[in-house]
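Notes to accompany the following structure.
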Amino acid sequence: MSSPAYARPVPPRTAAARRAAARGGAPFDPAETPLARTRRARRMARELAELHPDAHCELDFTDAFQLLVATVLSAQTTDRTVNRVTPALFARYPDAVALAGADRTELEAVLKPTGFFRAKANSVLGLAQALVERFDGEVPGRMADLVTLPGVGRKTANVVLGNAFGVPGLTVDTHFGRLVRRFGWTEEEDPVKVEAEVALLVPKRDWTMFSHRVIFHGRRVCHAKKAACGACGLAQWCPSFGIGPTDPELAAKLVKTPAASDTE
């Protein structure tokens, strides 16, 4: 069997290192100097760019308003599900003014496939009304303004800034936080603290695309329950190598295709 697309030669890891990574928490090494950690992080970031050249925002949108609403709707569901709902949603409510005046019953019916549709209807109605009342119906292009909107935190704001406005941002979602802790880049659990620590390791100009690549890697290779370690191109720099199968053939079977990767 040929090596999987994401594979690279992997040096051996000690049994102690594998046990430490498998116990759960971040395999953060306080003895690793900041310079060494930065160099390792940037090498891994460059490898991620080669492994996932197709990385991109998987939510469909044509403007900042659509991306903001889609990102809010993506909570606790898949991007694929949101992408099935938003064409009808934006056909009926093409801008903040239209959405702010939506009939709640009709809106809930459109949003029902996303799950938690009543709460999500409340969220997007409040969001649209705030945009109309405070920003003339336009999505602001500053973090300080975005995070004042109902239901918008730093993660959502960074998605919008990075992908709709071209302002670099780190999107610390579940995949991102899990992976950078497995990489031993941070031991923080709080997303804001994770963002601050990773920001010191990766050049600012790369933040948006780096986020997409990490998320792609988390969806396709470094799964939460069973990482495809033996098929991972980051293995030689990752202190968590060994938490999943290290045999290349077994690991290759765990790698998800792009079409299947957004189901997590």
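All residue names refer to the structure tokens as shown: chains lettered A, B, ... in order, residues numbered from 1 in each chain, ligands numbered from 1 in order.
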* Looking only at helix (DSSP H, G or I) from DSSP on the backbone, list the matching residues of segment 93-187 of chain A as number ranges by chain. => A: 96-100, 104-114, 117-135, 143-146, 154-164, 174-182
* Residues near segment 34-51 of chain A, cut-off 9 Å, only C-alpha atoms, skip fewer than 2 positions along chain, as a ChimeraX atom specification -> /A:5-6,32,53-55,183-185,198,200-203,209-210,213-214,217,233-234,237-238
With C-alpha atoms kept, could you save the residues just selected as a compact mmCIF listing (two decimals), in the first residue's frame?
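Printed below is result_28.txt as written:
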```txt
# COMPACT_ATOMS: atom_id res chain seq x y z
CA ALA A 5 -1.33 11.74 1.20
CA TYR A 6 -0.79 13.23 4.63
CA GLU A 32 11.00 24.14 25.72
CA PRO A 53 -3.56 23.72 0.07
CA ASP A 54 -7.34 23.65 -0.35
CA ALA A 55 -8.09 25.05 3.11
CA PHE A 183 0.88 20.31 19.39
CA GLY A 184 2.20 21.42 22.79
CA TRP A 185 1.93 25.08 21.85
CA VAL A 198 -0.80 31.17 19.40
CA LEU A 200 2.88 34.92 19.44
CA LEU A 201 3.94 31.83 17.49
CA VAL A 202 2.47 32.37 14.01
CA PRO A 203 3.07 35.46 11.84
CA MET A 209 -5.31 30.82 6.51
CA PHE A 210 -3.49 29.10 9.36
CA ARG A 213 -5.56 24.72 7.84
CA VAL A 214 -5.66 23.70 11.49
CA HIS A 217 -6.43 19.03 9.83
CA GLY A 233 2.50 14.92 8.17
CA LEU A 234 3.08 16.78 11.43
CA TRP A 237 7.16 17.69 15.42
CA CYS A 238 4.10 16.68 17.46
```
* Thr114 of chain A surroundings by only C-alpha atoms, 7 Å radius, close-in-sequence under 2 positions cut, as a list in words -> Thr77, Thr81, Val82, Leu111, Lys112, Phe116 and Phe117 of chain A
* To do: Give me the residues within 9 Å of Leu89 of chain A as number ranges by chain, counting only C-alpha atoms and dropping any in the same chain fewer than 4 places off.
  => A: 85, 93-94, 99, 107, 110-111
Let's have the selection written as an mmCIF file, in the first residue's frame, with N, CA and C atoms.
```
data_model
loop_
_atom_site.group_PDB
_atom_site.id
_atom_site.type_symbol
_atom_site.label_atom_id
_atom_site.label_comp_id
_atom_site.auth_asym_id
_atom_site.auth_seq_id
_atom_site.Cartn_x
_atom_site.Cartn_y
_atom_site.Cartn_z
ATOM 1 N N VAL A 85 -29.210 25.604 4.391
ATOM 2 C CA VAL A 85 -30.281 26.479 4.878
ATOM 3 C C VAL A 85 -30.141 27.917 4.366
ATOM 4 N N TYR A 93 -34.468 36.985 3.267
ATOM 5 C CA TYR A 93 -33.983 38.099 4.089
ATOM 6 C C TYR A 93 -32.569 38.470 3.609
ATOM 7 N N PRO A 94 -32.460 39.269 2.559
ATOM 8 C CA PRO A 94 -31.157 39.508 1.928
ATOM 9 C C PRO A 94 -30.229 40.453 2.683
ATOM 10 N N LEU A 99 -33.966 41.051 7.644
ATOM 11 C CA LEU A 99 -33.922 40.037 8.697
ATOM 12 C C LEU A 99 -34.448 40.598 10.014
ATOM 13 N N LEU A 107 -39.254 32.579 10.233
ATOM 14 C CA LEU A 107 -37.805 32.449 10.390
ATOM 15 C C LEU A 107 -37.449 31.117 11.046
ATOM 16 N N VAL A 110 -37.521 28.262 8.604
ATOM 17 C CA VAL A 110 -36.348 28.213 7.725
ATOM 18 C C VAL A 110 -35.146 27.627 8.463
ATOM 19 N N LEU A 111 -34.995 27.998 9.730
ATOM 20 C CA LEU A 111 -33.805 27.613 10.502
ATOM 21 C C LEU A 111 -33.914 26.236 11.149
#
```
* Find, counting only C-alpha atoms, the residue in A:Pro245, A:Pro191, A:Gly115, A:Gly101 that gets nearest to Gln76 of chain A. => A:Gly115
Kindly provide the residues of segment 203-235 of chain A that approach segment 154-174 of chain A to within 6 Å, each paired with its closest atom pair and their distance in Å to one decimal, based on only C-alpha atoms, listed by chain and increasing number, as a tab-separated table.
```
residue	atom	partner	partner_atom	distance
A:Trp207	CA	A:Gly169	CA	5.3
A:Thr208	CA	A:Gly169	CA	5.1
A:Ser211	CA	A:Thr171	CA	5.7
```
* Asked: Taking only C-alpha atoms into account, which of A:Asp79, A:Glu138, A:Glu197, A:Asp60 comes nearest Arg219 of chain A?
  -> A:Asp79
